[in-house]
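Shown here: entry_10.txt, compact mmCIF, C-alpha atoms.
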```txt
# COMPACT_ATOMS: atom_id res chain seq x y z
CA SER A 19 -31.22 -36.56 -4.38
CA LYS A 20 -32.42 -35.52 -7.81
CA ARG A 21 -30.14 -35.03 -10.75
CA HIS A 22 -29.23 -31.39 -11.35
CA ASP A 23 -31.13 -29.81 -14.25
CA PHE A 24 -28.48 -27.70 -16.00
CA ARG A 25 -31.10 -26.21 -18.33
CA ARG A 26 -32.72 -24.38 -15.43
CA VAL A 27 -29.76 -23.02 -13.50
CA ARG A 28 -30.50 -19.49 -12.41
CA THR A 29 -28.00 -17.47 -10.47
CA THR A 30 -26.55 -13.98 -10.29
CA LEU A 31 -23.10 -12.59 -10.83
CA ARG A 32 -22.96 -11.72 -7.11
CA GLU A 33 -23.66 -15.35 -6.22
CA LEU A 34 -21.00 -16.57 -8.64
CA TYR A 35 -18.42 -14.04 -7.50
CA PRO A 36 -19.49 -12.63 -4.10
CA HIS A 37 -16.09 -11.17 -3.24
CA PRO A 38 -14.52 -9.84 -6.47
CA SER A 39 -10.94 -8.69 -6.65
CA PRO A 40 -10.33 -5.05 -5.67
CA TYR A 41 -8.52 -4.85 -9.01
CA THR A 42 -11.57 -5.70 -11.12
CA ARG A 43 -11.58 -3.66 -14.34
CA LEU A 44 -8.15 -2.17 -13.58
CA SER A 45 -5.14 -2.37 -15.88
CA SER A 46 -1.89 -3.86 -14.58
CA ARG A 47 -0.49 -0.40 -13.90
CA GLU A 48 -3.69 0.71 -12.15
CA ALA A 49 -3.69 -2.45 -10.03
CA MET A 50 -0.12 -1.76 -8.89
CA GLU A 51 -1.02 1.83 -8.04
CA GLU A 52 -4.06 0.67 -6.04
CA GLY A 53 -1.92 -1.91 -4.25
CA GLN A 54 0.62 0.73 -3.31
CA ARG A 55 -2.15 2.97 -1.99
CA HIS A 56 -3.44 0.07 0.10
CA THR A 57 0.02 -0.42 1.59
CA THR A 58 0.15 3.25 2.52
CA ARG A 59 -3.34 3.19 4.07
CA ASN A 60 -2.82 0.03 6.07
CA SER A 61 0.89 0.14 6.88
CA GLY A 62 1.50 -3.05 4.93
CA ALA A 63 1.35 -6.34 6.84
CA SER A 64 1.03 -4.67 10.25
CA GLY A 65 -2.67 -4.16 9.64
CA ARG A 66 -2.93 -1.19 12.03
CA VAL A 67 -5.93 0.20 10.16
CA MET A 68 -7.50 -2.87 8.57
CA LYS A 69 -9.40 -4.58 11.40
CA CYS A 70 -10.80 -8.08 11.66
CA ARG A 71 -14.57 -8.19 12.23
CA SER A 72 -14.94 -11.98 12.60
CA SER A 73 -14.05 -14.66 15.13
CA LEU A 74 -12.62 -18.17 15.19
CA MET A 75 -14.47 -21.15 16.64
CA VAL A 76 -11.16 -23.01 17.00
CA ARG A 77 -8.28 -21.03 18.50
CA PRO A 78 -4.93 -22.86 18.20
CA ASN A 79 -2.60 -21.85 21.03
CA GLY A 80 -5.23 -19.36 22.21
CA MET A 81 -4.74 -17.30 19.06
CA THR A 82 -7.32 -14.57 18.46
CA ALA A 83 -8.95 -14.02 15.08
CA GLU A 84 -6.95 -10.80 14.65
CA GLU A 85 -3.67 -12.57 15.45
CA ALA A 86 -4.47 -15.44 13.08
CA MET A 87 -5.35 -13.06 10.26
CA ARG A 88 -2.15 -11.04 10.72
CA LEU A 89 -0.04 -14.20 10.89
CA LEU A 90 -1.46 -15.54 7.63
CA LEU A 91 -1.21 -12.12 5.98
CA ARG A 92 2.49 -11.96 6.82
CA LEU A 93 3.10 -15.52 5.58
CA ALA A 94 1.16 -14.95 2.36
CA ILE A 95 3.05 -11.73 1.59
CA GLN A 96 6.32 -13.58 2.17
CA ALA A 97 5.16 -16.37 -0.13
CA SER A 98 4.24 -13.89 -2.87
CA ALA A 99 7.85 -12.67 -2.87
CA ARG A 100 8.89 -16.07 -4.27
CA ASP A 101 7.18 -15.20 -7.56
CA ASP A 102 10.13 -14.36 -9.83
CA ARG A 103 8.19 -13.76 -13.06
CA PRO A 104 6.81 -10.20 -12.74
CA GLU A 105 7.33 -9.67 -16.47
CA LEU A 106 4.33 -11.93 -17.11
CA HIS A 107 2.12 -9.93 -14.72
CA PRO A 108 3.25 -7.47 -12.02
CA ILE A 109 0.84 -8.68 -9.32
CA LYS A 110 2.25 -11.50 -7.20
CA TYR A 111 -0.07 -13.75 -5.19
CA GLY A 112 0.63 -15.80 -2.10
CA ALA A 113 -1.61 -17.90 0.12
CA ALA A 114 -1.33 -19.26 3.65
CA VAL A 115 -3.44 -21.63 5.72
CA LEU A 116 -3.76 -22.21 9.47
CA PHE A 117 -4.56 -25.72 10.70
CA SER A 118 -6.41 -26.68 13.84
CA ASP A 119 -3.19 -27.99 15.41
CA GLY A 120 -1.60 -24.53 15.12
CA SER A 121 0.66 -25.37 12.16
CA THR A 122 0.71 -23.30 8.97
CA ALA A 123 1.66 -23.66 5.33
CA SER A 124 2.11 -21.19 2.49
CA ALA A 125 2.51 -21.20 -1.28
CA HIS A 126 2.74 -18.77 -4.17
CA HIS A 127 1.13 -18.38 -7.58
CA LYS A 128 3.32 -20.01 -10.24
CA LYS A 129 2.84 -18.01 -13.43
CA ALA A 130 2.91 -19.48 -16.90
CA LEU A 131 3.57 -17.66 -20.16
CA GLU A 132 0.04 -18.69 -21.12
CA TYR A 133 -1.37 -17.02 -18.03
CA GLY A 134 -4.46 -19.22 -17.80
CA CYS A 135 -2.14 -22.21 -17.28
CA SER A 136 -0.62 -20.69 -14.14
CA LEU A 137 -0.76 -22.69 -10.92
CA ASP A 138 -3.05 -21.00 -8.42
CA ALA A 139 -1.61 -20.11 -4.99
CA VAL A 140 -4.49 -21.67 -3.06
CA GLY A 141 -4.35 -24.75 -5.29
CA GLN A 142 -0.66 -25.09 -4.44
CA LEU A 143 -1.67 -25.68 -0.82
CA ALA A 144 -3.83 -28.68 -1.74
CA GLN A 145 -1.14 -31.34 -1.30
CA THR A 146 -0.18 -30.04 2.14
CA VAL A 147 -3.84 -29.96 3.17
CA GLU A 148 -4.31 -33.52 1.93
CA ASP A 149 -1.17 -34.76 3.69
CA LYS A 150 -2.15 -33.25 7.03
CA CYS A 151 -5.87 -33.97 6.97
CA THR A 152 -6.18 -37.35 5.22
CA PRO A 153 -5.56 -40.43 7.39
CA SER A 154 -2.88 -42.83 6.21
CA SER A 155 -3.92 -46.49 6.04
CA SER A 156 -0.49 -47.54 7.32
CA ALA A 157 -0.45 -45.16 10.28
CA ASP A 158 -0.81 -46.24 13.88
CA SER A 159 -4.47 -46.15 14.94
CA ALA A 160 -3.93 -43.47 17.60
CA VAL A 161 -2.00 -41.29 15.15
CA ASN A 162 -4.65 -42.00 12.54
CA ILE A 163 -7.40 -40.72 14.79
CA LEU A 164 -5.38 -37.62 15.66
CA ARG A 165 -4.80 -36.78 12.01
CA THR A 166 -8.48 -37.00 11.21
CA LEU A 167 -9.05 -34.25 13.76
CA ILE A 168 -6.67 -31.86 12.01
CA ARG A 169 -8.51 -29.47 9.71
CA PRO A 170 -7.67 -26.29 7.81
CA ILE A 171 -9.50 -23.62 9.79
CA LEU A 172 -8.44 -20.34 8.18
CA LEU A 173 -7.04 -19.50 4.74
CA LEU A 174 -5.87 -16.19 3.31
CA GLN A 175 -4.70 -15.18 -0.16
CA CYS A 176 -3.16 -11.80 -0.88
CA ASP A 177 -0.71 -10.04 -3.17
CA GLN A 178 2.65 -8.42 -2.48
CA TYR A 179 0.91 -5.26 -1.27
CA GLY A 180 -1.16 -7.06 1.35
CA VAL A 181 -4.39 -6.64 -0.62
CA ILE A 182 -6.54 -9.65 0.29
CA HIS A 183 -8.18 -11.65 -2.51
CA ALA A 184 -10.79 -14.37 -2.12
CA PRO A 185 -9.64 -17.67 -3.66
CA PHE A 186 -10.01 -17.75 -7.42
CA ALA A 187 -12.03 -20.40 -9.27
CA VAL A 188 -9.52 -23.26 -8.97
CA GLY A 189 -8.86 -22.71 -5.28
CA ARG A 190 -12.46 -22.31 -4.25
CA ALA A 191 -13.49 -25.36 -6.30
CA TYR A 192 -10.86 -27.45 -4.52
CA LEU A 193 -12.00 -26.37 -1.07
CA GLN A 194 -15.68 -26.77 -1.83
CA GLU A 195 -15.57 -30.06 -3.72
CA HIS A 196 -12.93 -31.93 -1.70
CA GLY A 197 -14.37 -31.73 1.77
CA PHE A 198 -12.96 -28.44 3.04
CA GLY A 199 -15.93 -26.19 2.45
CA ASP A 200 -16.10 -25.48 6.19
CA CYS A 201 -12.68 -23.82 6.16
CA LEU A 202 -12.94 -20.11 6.86
CA VAL A 203 -11.53 -17.79 4.21
CA VAL A 204 -10.40 -14.22 4.79
CA VAL A 205 -12.02 -11.67 2.50
CA GLN A 206 -11.60 -7.92 2.32
CA ASP A 207 -14.57 -5.68 2.93
CA ARG A 208 -15.50 -2.14 3.93
CA HIS A 209 -17.05 -1.11 7.23
CA ILE A 210 -19.01 2.12 7.51
CA SER A 211 -18.91 3.81 10.91
CA ASP A 212 -19.55 7.28 12.30
CA ASP A 213 -16.04 8.38 11.40
CA GLY A 214 -16.17 7.15 7.81
CA CYS A 215 -15.61 4.07 5.66
CA HIS A 216 -12.76 1.77 6.64
CA GLU A 217 -11.25 -1.35 5.11
CA CYS A 218 -11.74 -4.44 7.24
CA VAL A 219 -11.61 -8.21 6.88
CA LEU A 220 -14.31 -10.84 7.33
CA PHE A 221 -14.18 -14.62 7.57
CA VAL A 222 -16.57 -16.58 5.36
CA LYS A 223 -16.82 -20.31 4.77
CA ALA A 224 -15.35 -21.58 1.52
CA ASN A 225 -18.78 -23.02 0.71
CA GLU A 226 -20.15 -19.48 0.64
CA LEU A 227 -17.79 -18.42 -2.14
CA ALA A 228 -19.88 -20.09 -4.83
CA PRO A 229 -23.41 -21.40 -5.37
CA SER A 230 -24.10 -24.92 -4.10
CA THR A 231 -22.43 -27.65 -6.11
CA PRO A 232 -24.89 -29.46 -8.43
CA ALA A 233 -25.47 -33.15 -7.69
CA VAL A 234 -24.24 -34.25 -11.11
CA TRP A 235 -23.96 -37.94 -10.13
CA ALA A 236 -27.31 -38.17 -8.39
CA ARG A 237 -29.86 -40.63 -9.75
CA ASP A 238 -33.32 -39.60 -10.77
```
If you took the structure in this file and wrote it as structure tokens, what would it be?
Amino acid sequence: SKRHDFRRVRTTLRELYPHPSPYTRLSSREAMEEGQRHTTRNSGASGRVMKCRSSLMVRPNGMTAEEAMRLLLRLAIQASARDDRPELHPIKYGAAVLFSDGSTASAHHKKALEYGCSLDAVGQLAQTVEDKCTPSSSADSAVNILRTLIRPILLLQCDQYGVIHAPFAVGRAYLQEHGFGDCLVVVQDRHISDDGCHECVLFVKANELAPSTPAVWARD
């Protein structure tokens, strides 16, 4: 493949950030108020109003897409509660992932005083993903083969109010650049029907969260 020409990169803000945070351009106080309204509208983690409009190709234990989404939403909300530094920023993020063998893992955003140095919730799942999905050279061959079949199939990040957020830059870069771009990610959307506009969720591949990665190591 040809080397990427960085002088001629042309993209749009929508391509760079196709699923922006519902809190974009809101102050901390406004974000909390919007989160609380979301909880009221959707009955928190029960998701009685917010419907899933996607499906899963792999269904661990016969789990439906709706059941998988609600499970991860509950786990991510629980993970967000482990954030004990609300004085740095009142919004608490948690993330959860479902693997093809039916197991799950969760993590929370670890805030730093210099907020840009915080450890991203999705990024905190990286080690677990690596441990489950990367074969060990010392493992028994049969076990080795089994482990290579385990993949992260669905990932969700949300805050303490149950508002779903697409992975931020660090998380989406990890998924896209380390071989997990086929993992489905839950994003929040709006569905317009005859009886009005309703919040819903969609599943998109991690690779669709950003423009294609440039082939920076390709030779001319």
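As for atom CA of Gly189 of chain A and atom CA of Ser45 of chain A, they are spaced 23.2 Å apart.
Close contacts of Ala228 of chain A, defined as residues with an atom at most 10 Å away when counting only C-alpha atoms, with chain neighbours fewer than 6 positions off set aside, comprise Arg32, Glu33, Leu34, Tyr35, Pro36, His37, Ala187, Arg190, Ala191 and Gln194 of chain A.
Residue nearest Glu132 of chain A, chosen from A:Arg77, A:Glu85, A:His107, A:Val115 and counting only C-alpha atoms: A:His107.
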Using only C-alpha atoms, which protein or nucleic acid residues come within 8 Å of Gln206 of chain A? Drop anything in the same chain fewer than 2 positions from it, and give the result as a tab-separated table (two decimals) with C-alpha atoms, keeping the file's coordinate frame.
```
chain	number	residue	atom	x	y	z
A	37	HIS	CA	-16.09	-11.17	-3.24
A	181	VAL	CA	-4.39	-6.64	-0.62
A	182	ILE	CA	-6.54	-9.65	0.29
A	183	HIS	CA	-8.18	-11.65	-2.51
A	184	ALA	CA	-10.79	-14.37	-2.12
A	204	VAL	CA	-10.40	-14.22	4.79
A	208	ARG	CA	-15.50	-2.14	3.93
A	217	GLU	CA	-11.25	-1.35	5.11
A	218	CYS	CA	-11.74	-4.44	7.24
A	219	VAL	CA	-11.61	-8.21	6.88
A	220	LEU	CA	-14.31	-10.84	7.33
```
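Atom CA of Tyr192 of chain A is found 18.9 Å from atom CA of Ser39 of chain A.
Across A:Lys110, A:Arg92, A:Lys69, A:Lys129, the tightest approach to Gly53 of chain A is made by A:Lys110 when counting only C-alpha atoms.
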